[in-house]
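Participant: Data file my_file.txt (compact mmCIF, C-alpha atoms) is appended below.
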# COMPACT_ATOMS: atom_id res chain seq x y z
CA MET A 1 -3.71 -47.96 -8.55
CA SER A 2 -5.96 -44.99 -9.33
CA GLN A 3 -5.84 -43.77 -12.91
CA HIS A 4 -5.59 -40.09 -13.79
CA THR A 5 -5.90 -38.42 -17.17
CA LEU A 6 -3.80 -35.58 -18.60
CA PHE A 7 -4.37 -33.14 -21.47
CA ILE A 8 -1.37 -31.17 -22.81
CA ILE A 9 -1.67 -27.75 -24.48
CA ASP A 10 1.56 -26.52 -26.06
CA ASP A 11 2.32 -25.18 -29.53
CA HIS A 12 5.60 -27.07 -29.79
CA LYS A 13 5.27 -30.74 -30.75
CA ILE A 14 8.70 -31.51 -29.29
CA VAL A 15 7.49 -30.35 -25.86
CA ARG A 16 4.29 -32.40 -26.07
CA ASP A 17 6.22 -35.47 -27.22
CA GLY A 18 8.83 -34.99 -24.49
CA LEU A 19 6.17 -34.82 -21.80
CA LYS A 20 4.45 -37.93 -23.13
CA ALA A 21 7.76 -39.82 -23.18
CA MET A 22 8.52 -38.73 -19.61
CA LEU A 23 5.09 -39.86 -18.45
CA LEU A 24 5.84 -43.43 -19.49
CA GLY A 25 7.41 -43.52 -16.03
CA ARG A 26 4.01 -42.82 -14.49
CA PRO A 27 1.67 -45.70 -15.39
CA ASP A 28 -1.05 -44.13 -13.21
CA ILE A 29 -1.30 -41.16 -15.61
CA SER A 30 -2.48 -41.45 -19.20
CA VAL A 31 -2.37 -38.64 -21.78
CA ILE A 32 -5.83 -38.52 -23.36
CA GLY A 33 -5.33 -35.55 -25.64
CA GLU A 34 -3.23 -32.64 -26.77
CA ALA A 35 -3.62 -29.32 -28.55
CA SER A 36 -1.29 -26.76 -30.14
CA SER A 37 -3.51 -23.70 -29.74
CA GLY A 38 -6.15 -22.25 -27.47
CA LYS A 39 -8.89 -22.70 -30.07
CA GLU A 40 -8.01 -26.36 -30.61
CA ALA A 41 -7.84 -26.92 -26.84
CA ILE A 42 -11.33 -25.49 -26.21
CA GLU A 43 -12.78 -27.57 -29.06
CA LYS A 44 -11.23 -30.82 -27.82
CA LEU A 45 -11.94 -30.15 -24.15
CA SER A 46 -15.63 -29.77 -24.94
CA GLN A 47 -15.50 -33.54 -25.46
CA GLU A 48 -12.96 -34.51 -22.78
CA ALA A 49 -12.82 -33.94 -19.01
CA PRO A 50 -9.22 -34.70 -17.96
CA SER A 51 -8.07 -34.86 -14.35
CA ILE A 52 -5.07 -32.63 -15.07
CA ILE A 53 -4.37 -30.05 -17.78
CA PHE A 54 -0.96 -28.62 -18.68
CA VAL A 55 -1.31 -25.18 -20.30
CA ASP A 56 1.56 -23.43 -22.07
CA LEU A 57 1.71 -19.78 -20.96
CA LYS A 58 2.38 -18.43 -24.46
CA LEU A 59 0.27 -19.85 -27.26
CA PRO A 60 -0.09 -18.45 -30.81
CA ASP A 61 -3.70 -17.41 -30.21
CA ALA A 62 -4.06 -17.23 -26.44
CA ASN A 63 -2.50 -16.25 -23.14
CA GLY A 64 -2.21 -19.42 -21.08
CA SER A 65 -3.39 -17.86 -17.84
CA VAL A 66 -6.55 -16.52 -19.52
CA LEU A 67 -7.09 -19.83 -21.32
CA ALA A 68 -6.74 -21.73 -18.03
CA GLY A 69 -9.52 -19.62 -16.56
CA GLU A 70 -11.79 -20.44 -19.51
CA ILE A 71 -11.00 -24.14 -19.21
CA LEU A 72 -11.69 -24.20 -15.48
CA LYS A 73 -15.12 -22.71 -16.12
CA ILE A 74 -15.83 -25.68 -18.43
CA HIS A 75 -14.18 -28.27 -16.16
CA PRO A 76 -14.12 -26.90 -12.59
CA ASN A 77 -12.96 -30.25 -11.20
CA SER A 78 -9.86 -30.41 -13.40
CA LYS A 79 -6.50 -29.32 -12.01
CA CYS A 80 -4.59 -26.82 -14.18
CA ALA A 81 -0.84 -26.30 -14.36
CA ILE A 82 0.91 -23.48 -16.23
CA LEU A 83 3.92 -24.59 -18.25
CA THR A 84 6.45 -22.05 -19.52
CA ALA A 85 10.07 -21.29 -20.29
CA ASP A 86 9.56 -17.57 -19.70
CA PRO A 87 7.63 -16.86 -16.49
CA ASN A 88 6.51 -13.33 -15.64
CA PRO A 89 4.76 -12.07 -12.49
CA THR A 90 1.72 -10.53 -14.21
CA ASP A 91 0.66 -13.74 -15.92
CA LEU A 92 1.51 -15.85 -12.90
CA LYS A 93 -0.65 -13.77 -10.59
CA ARG A 94 -3.48 -13.81 -13.12
CA ALA A 95 -3.20 -17.60 -13.30
CA GLN A 96 -3.35 -17.86 -9.51
CA GLU A 97 -6.49 -15.74 -9.47
CA VAL A 98 -8.33 -18.03 -11.92
CA GLY A 99 -7.47 -21.16 -9.93
CA VAL A 100 -4.30 -22.58 -11.49
CA LEU A 101 -2.64 -24.84 -8.91
CA ALA A 102 0.82 -25.53 -10.35
CA PHE A 103 3.51 -23.49 -12.06
CA LEU A 104 6.09 -25.53 -13.95
CA THR A 105 9.15 -24.70 -16.04
CA LYS A 106 9.85 -26.62 -19.22
CA ASP A 107 13.39 -27.51 -18.14
CA MET A 108 12.32 -29.28 -14.93
CA VAL A 109 13.61 -32.82 -14.42
CA ALA A 110 11.20 -35.77 -14.42
CA ASP A 111 11.25 -36.16 -10.63
CA GLU A 112 10.05 -32.57 -10.17
CA TYR A 113 7.27 -33.06 -12.72
CA PHE A 114 6.23 -36.17 -10.82
CA ARG A 115 6.15 -34.25 -7.51
CA ALA A 116 4.04 -31.58 -9.18
CA LEU A 117 1.65 -34.23 -10.52
CA ASP A 118 1.32 -35.81 -7.08
CA ASN A 119 0.40 -32.41 -5.63
CA LEU A 120 -2.14 -31.79 -8.39
CA ILE A 121 -3.73 -35.19 -7.85
CA ASP A 122 -4.12 -34.27 -4.16
CA GLY A 123 -5.51 -30.84 -5.06
CA LYS A 124 -2.44 -29.05 -3.69
CA ARG A 125 -0.36 -26.24 -5.13
CA TYR A 126 3.06 -26.82 -6.64
CA ILE A 127 5.31 -23.88 -7.49
CA SER A 128 8.76 -24.51 -8.90
CA THR A 129 11.59 -22.55 -7.28
CA VAL A 130 11.96 -20.13 -10.20
CA PHE A 131 8.26 -19.23 -10.07
CA SER A 132 8.29 -18.89 -6.29
CA GLU A 133 11.13 -16.38 -6.43
CA ILE A 134 9.36 -14.35 -9.12
CA LEU A 135 6.11 -14.25 -7.16
CA ILE A 136 7.87 -13.25 -3.95
CA ASN A 137 10.07 -10.60 -5.58
CA SER A 138 7.09 -9.09 -7.41
CA ASP A 139 5.11 -8.69 -4.20
CA THR A 140 6.60 -5.96 -2.06
CA GLN A 141 4.16 -6.78 0.72
CA TYR A 142 6.49 -9.50 2.01
CA THR A 143 10.26 -9.36 2.43
CA PRO A 144 12.41 -12.37 1.46
CA ARG A 145 13.30 -12.77 5.15
CA GLU A 146 9.63 -12.92 6.12
CA ILE A 147 9.07 -15.64 3.52
CA GLU A 148 11.98 -17.62 4.95
CA VAL A 149 10.50 -17.35 8.43
CA LEU A 150 7.09 -18.36 7.08
CA ARG A 151 8.68 -21.39 5.42
CA GLY A 152 10.33 -22.30 8.73
CA PHE A 153 7.00 -22.33 10.54
CA SER A 154 5.52 -24.35 7.67
CA ASP A 155 8.29 -26.91 8.23
CA GLY A 156 7.23 -27.19 11.87
CA LEU A 157 10.34 -25.55 13.30
CA SER A 158 10.47 -23.71 16.62
CA TYR A 159 11.57 -20.08 17.00
CA LYS A 160 15.01 -21.30 18.06
CA GLU A 161 15.31 -23.72 15.12
CA ILE A 162 14.23 -21.08 12.61
CA GLY A 163 16.73 -18.67 14.13
CA ALA A 164 19.52 -21.24 13.79
CA ARG A 165 18.55 -21.94 10.17
CA LEU A 166 18.48 -18.24 9.24
CA ASP A 167 21.29 -17.05 11.53
CA MET A 168 19.06 -14.74 13.58
CA SER A 169 17.91 -14.62 17.17
CA PRO A 170 14.58 -16.14 18.26
CA ARG A 171 13.47 -12.61 19.18
CA THR A 172 14.07 -11.48 15.58
CA VAL A 173 12.12 -14.50 14.34
CA GLU A 174 9.24 -13.42 16.57
CA THR A 175 9.40 -9.90 15.14
CA HIS A 176 9.14 -11.25 11.58
CA LYS A 177 6.27 -13.49 12.68
CA ASN A 178 4.41 -10.54 14.15
CA HIS A 179 4.86 -8.59 10.92
CA LEU A 180 3.49 -11.54 8.95
CA LEU A 181 0.46 -11.90 11.24
CA GLU A 182 -0.29 -8.20 10.79
CA LYS A 183 0.18 -8.18 7.01
CA MET A 184 -1.84 -11.34 6.50
CA GLN A 185 -4.50 -10.21 8.97
CA VAL A 186 -4.54 -13.56 10.79
CA LYS A 187 -4.35 -14.45 14.48
CA SER A 188 -2.18 -17.56 14.69
CA ILE A 189 0.84 -19.29 13.16
CA VAL A 190 -1.42 -22.05 11.83
CA GLU A 191 -3.61 -19.52 10.00
CA MET A 192 -0.50 -17.71 8.77
CA VAL A 193 0.96 -20.88 7.25
CA ARG A 194 -2.37 -21.85 5.67
CA LYS A 195 -2.69 -18.43 4.05
CA GLY A 196 0.92 -18.58 2.86
CA ILE A 197 0.23 -21.91 1.13
CA ARG A 198 -3.12 -20.73 -0.27
CA ASP A 199 -1.54 -17.55 -1.68
CA GLY A 200 1.35 -19.51 -3.22
CA LEU A 201 4.05 -17.89 -1.10
CA ILE A 202 5.27 -21.30 0.13
CA GLU A 203 4.68 -24.91 -0.87
CA ALA A 204 2.49 -27.27 1.12
Output the structure of this file as structure tokens.

Facilitator:
Amino acid sequence: MSQHTLFIIDDHKIVRDGLKAMLLGRPDISVIGEASSGKEAIEKLSQEAPSIIFVDLKLPDANGSVLAGEILKIHPNSKCAILTADPNPTDLKRAQEVGVLAFLTKDMVADEYFRALDNLIDGKRYISTVFSEILINSDTQYTPREIEVLRGFSDGLSYKEIGARLDMSPRTVETHKNHLLEKMQVKSIVEMVRKGIRDGLIEA
């Protein structure tokens, strides 16, 4: 079993302790450090290079999305996840831009944290449902229906199957697909799905 290391940055001890207790169910992941502020995190991470880093979005002395960018400059091979109880689109988009791969809410159940960790270990994005809705609703470039169609293609469904899922005709599915291809400036469904995953519109 491969071992992976985790560093937790959160100003609430109860959150850090809760995460550590939950991770007892993941013997392949060991918590090698923690910090309650951005300053403390930078100091400690100058000595440690964890596989995965959880960063609270709102710290007493730092914005988590900005801090994540600073950390990734120090440890470009680490995988960063934003952790928050109060997501907002501005910070989420900023975090995406600096290379954060996962967006997690503090009230997620253990199984969802474990799925997120598996994605991070594989270098894939993980966006909890709440975050996904915020990102989609804040981006007027794509309609919710287009995102649903995009998700259908990502799931490997045919035009007919997507139409059945979304209660629309295959012709309407094709219209949404054509709009997506144009907006994303790509030529194929495969490229469209890849860009959707890369931009965090859908999960891998």

Participant: When distances are computed from all atoms listed in the file, which of A:Tyr126, A:Phe103, A:Phe153, A:Phe7 shows the smallest separation from Leu45 in chain A?

Facilitator: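 Checking each candidate against Leu45 in chain A, we get A:Phe7 as the closest.
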
Participant: Would you compute the box with edges along x, y and z of the file around range 94-104 of chain A, including every atom the file lists for it and 8 Å extra on each side, and give its centre and edge lengths in Å to one decimal, as AutoDock Vina command-line options?

Facilitator:
--center_x -1.1 --center_y -19.7 --center_z -11.4 --size_x 30.4 --size_y 27.7 --size_z 21.0

Participant: Kindly indicate which residue among A:Leu180, A:Ile52, A:Gly33, A:Asp61 lies nearest to Pro144 in chain A, using only C-alpha atoms for the distances.

Facilitator: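 Distance minimum relative to Pro144 in chain A lands on A:Leu180.
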
Participant: Counting all atoms listed in the file, what are the residues of range 15-54 of chain A within 9 Å of range 63-86 of chain A, and for each of them which pair of atoms is the nearest and at what distance in Å, to one decimal? Sort the table by chain and rising number, as CSV.

Facilitator:
residue,atom,partner,partner_atom,distance
A:Gly38,CA,A:Leu67,CA,6.7
A:Ala41,CA,A:Ile71,CA,8.7
A:Ile42,CA,A:Ile71,CA,7.1
A:Leu45,CA,A:Ile71,CA,7.8
A:Ser46,CA,A:Ile74,CA,7.7
A:Ala49,CA,A:His75,CA,6.5
A:Pro50,CA,A:Ser78,CA,6.3
A:Ser51,CA,A:Ser78,CA,4.9
A:Ile52,CA,A:Lys79,CA,4.7
A:Ile53,CA,A:Cys80,CA,4.8
A:Phe54,CA,A:Ala81,CA,4.9

Participant: At a cut-off of 12 Å from (-2.8, -16.9, -9.2) in the coordinates of the file, what residues are picked up using only C-alpha atoms, written as a PyMOL selection string?

Facilitator: chain A and resi 65-66+68-69+80-82+88-103+125-127+131-132+135+197-201

Participant: Next, dump the selected residues to file, keeping only C-alpha atoms, as a PDB file, in the coordinates of the input.

Facilitator:
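This went into out_9.pdb:
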ATOM      1  CA  SER A  65      -3.390 -17.860 -17.840  1.00  0.00           C
ATOM      2  CA  VAL A  66      -6.550 -16.520 -19.520  1.00  0.00           C
ATOM      3  CA  ALA A  68      -6.740 -21.730 -18.030  1.00  0.00           C
ATOM      4  CA  GLY A  69      -9.520 -19.620 -16.560  1.00  0.00           C
ATOM      5  CA  CYS A  80      -4.590 -26.820 -14.180  1.00  0.00           C
ATOM      6  CA  ALA A  81      -0.840 -26.300 -14.360  1.00  0.00           C
ATOM      7  CA  ILE A  82       0.910 -23.480 -16.230  1.00  0.00           C
ATOM      8  CA  ASN A  88       6.510 -13.330 -15.640  1.00  0.00           C
ATOM      9  CA  PRO A  89       4.760 -12.070 -12.490  1.00  0.00           C
ATOM     10  CA  THR A  90       1.720 -10.530 -14.210  1.00  0.00           C
ATOM     11  CA  ASP A  91       0.660 -13.740 -15.920  1.00  0.00           C
ATOM     12  CA  LEU A  92       1.510 -15.850 -12.900  1.00  0.00           C
ATOM     13  CA  LYS A  93      -0.650 -13.770 -10.590  1.00  0.00           C
ATOM     14  CA  ARG A  94      -3.480 -13.810 -13.120  1.00  0.00           C
ATOM     15  CA  ALA A  95      -3.200 -17.600 -13.300  1.00  0.00           C
ATOM     16  CA  GLN A  96      -3.350 -17.860  -9.510  1.00  0.00           C
ATOM     17  CA  GLU A  97      -6.490 -15.740  -9.470  1.00  0.00           C
ATOM     18  CA  VAL A  98      -8.330 -18.030 -11.920  1.00  0.00           C
ATOM     19  CA  GLY A  99      -7.470 -21.160  -9.930  1.00  0.00           C
ATOM     20  CA  VAL A 100      -4.300 -22.580 -11.490  1.00  0.00           C
ATOM     21  CA  LEU A 101      -2.640 -24.840  -8.910  1.00  0.00           C
ATOM     22  CA  ALA A 102       0.820 -25.530 -10.350  1.00  0.00           C
ATOM     23  CA  PHE A 103       3.510 -23.490 -12.060  1.00  0.00           C
ATOM     24  CA  ARG A 125      -0.360 -26.240  -5.130  1.00  0.00           C
ATOM     25  CA  TYR A 126       3.060 -26.820  -6.640  1.00  0.00           C
ATOM     26  CA  ILE A 127       5.310 -23.880  -7.490  1.00  0.00           C
ATOM     27  CA  PHE A 131       8.260 -19.230 -10.070  1.00  0.00           C
ATOM     28  CA  SER A 132       8.290 -18.890  -6.290  1.00  0.00           C
ATOM     29  CA  LEU A 135       6.110 -14.250  -7.160  1.00  0.00           C
ATOM     30  CA  ILE A 197       0.230 -21.910   1.130  1.00  0.00           C
ATOM     31  CA  ARG A 198      -3.120 -20.730  -0.270  1.00  0.00           C
ATOM     32  CA  ASP A 199      -1.540 -17.550  -1.680  1.00  0.00           C
ATOM     33  CA  GLY A 200       1.350 -19.510  -3.220  1.00  0.00           C
ATOM     34  CA  LEU A 201       4.050 -17.890  -1.100  1.00  0.00           C
TER      35      LEU A 201
END

Participant: Separation of CA of Asp10 in chain A and CA of Thr129 in chain A, in Å?

Facilitator: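 Between these atoms lies a distance of 21.7 Å.
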
Participant: Report, in Å to a single decimal, how far apart CA of Ile202 in chain A and CA of Asp155 in chain A are.

Facilitator: 10.3 Å

Participant: Enter the distance from CA of Arg145 in chain A to CA of Pro87 in chain A, in Å, rounded to one decimal.

Facilitator: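 Computed distance, CA of Arg145 in chain A to CA of Pro87 in chain A, equals 22.7 Å.
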
Participant: Near Glu148 in chain A, counting all atoms listed in the file, which residues have an atom at most 12 Å away, once you skip same-chain residues fewer than 4 positions from it, shown as a list in words?

Facilitator: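 Contacts, in chain order: Ser132, Glu133, Ile136, Tyr142, Thr143, Pro144, Gly152, Phe153, Ser154, Asp155, Leu157, Ile162, Gly163, Arg165, Leu166, Asp167, Met168, Val173, His176, Lys177, Leu180, Val193, Gly196, Leu201, Ile202 and Glu203 of chain A.
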
Participant: Select, from A:Lys44, A:Arg26, A:Lys106, A:Lys160, the residue with the minimum atom-to-atom distance to His12 in chain A, counting all atoms listed in the file.

Facilitator: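 Distance minimum relative to His12 in chain A lands on A:Lys106.
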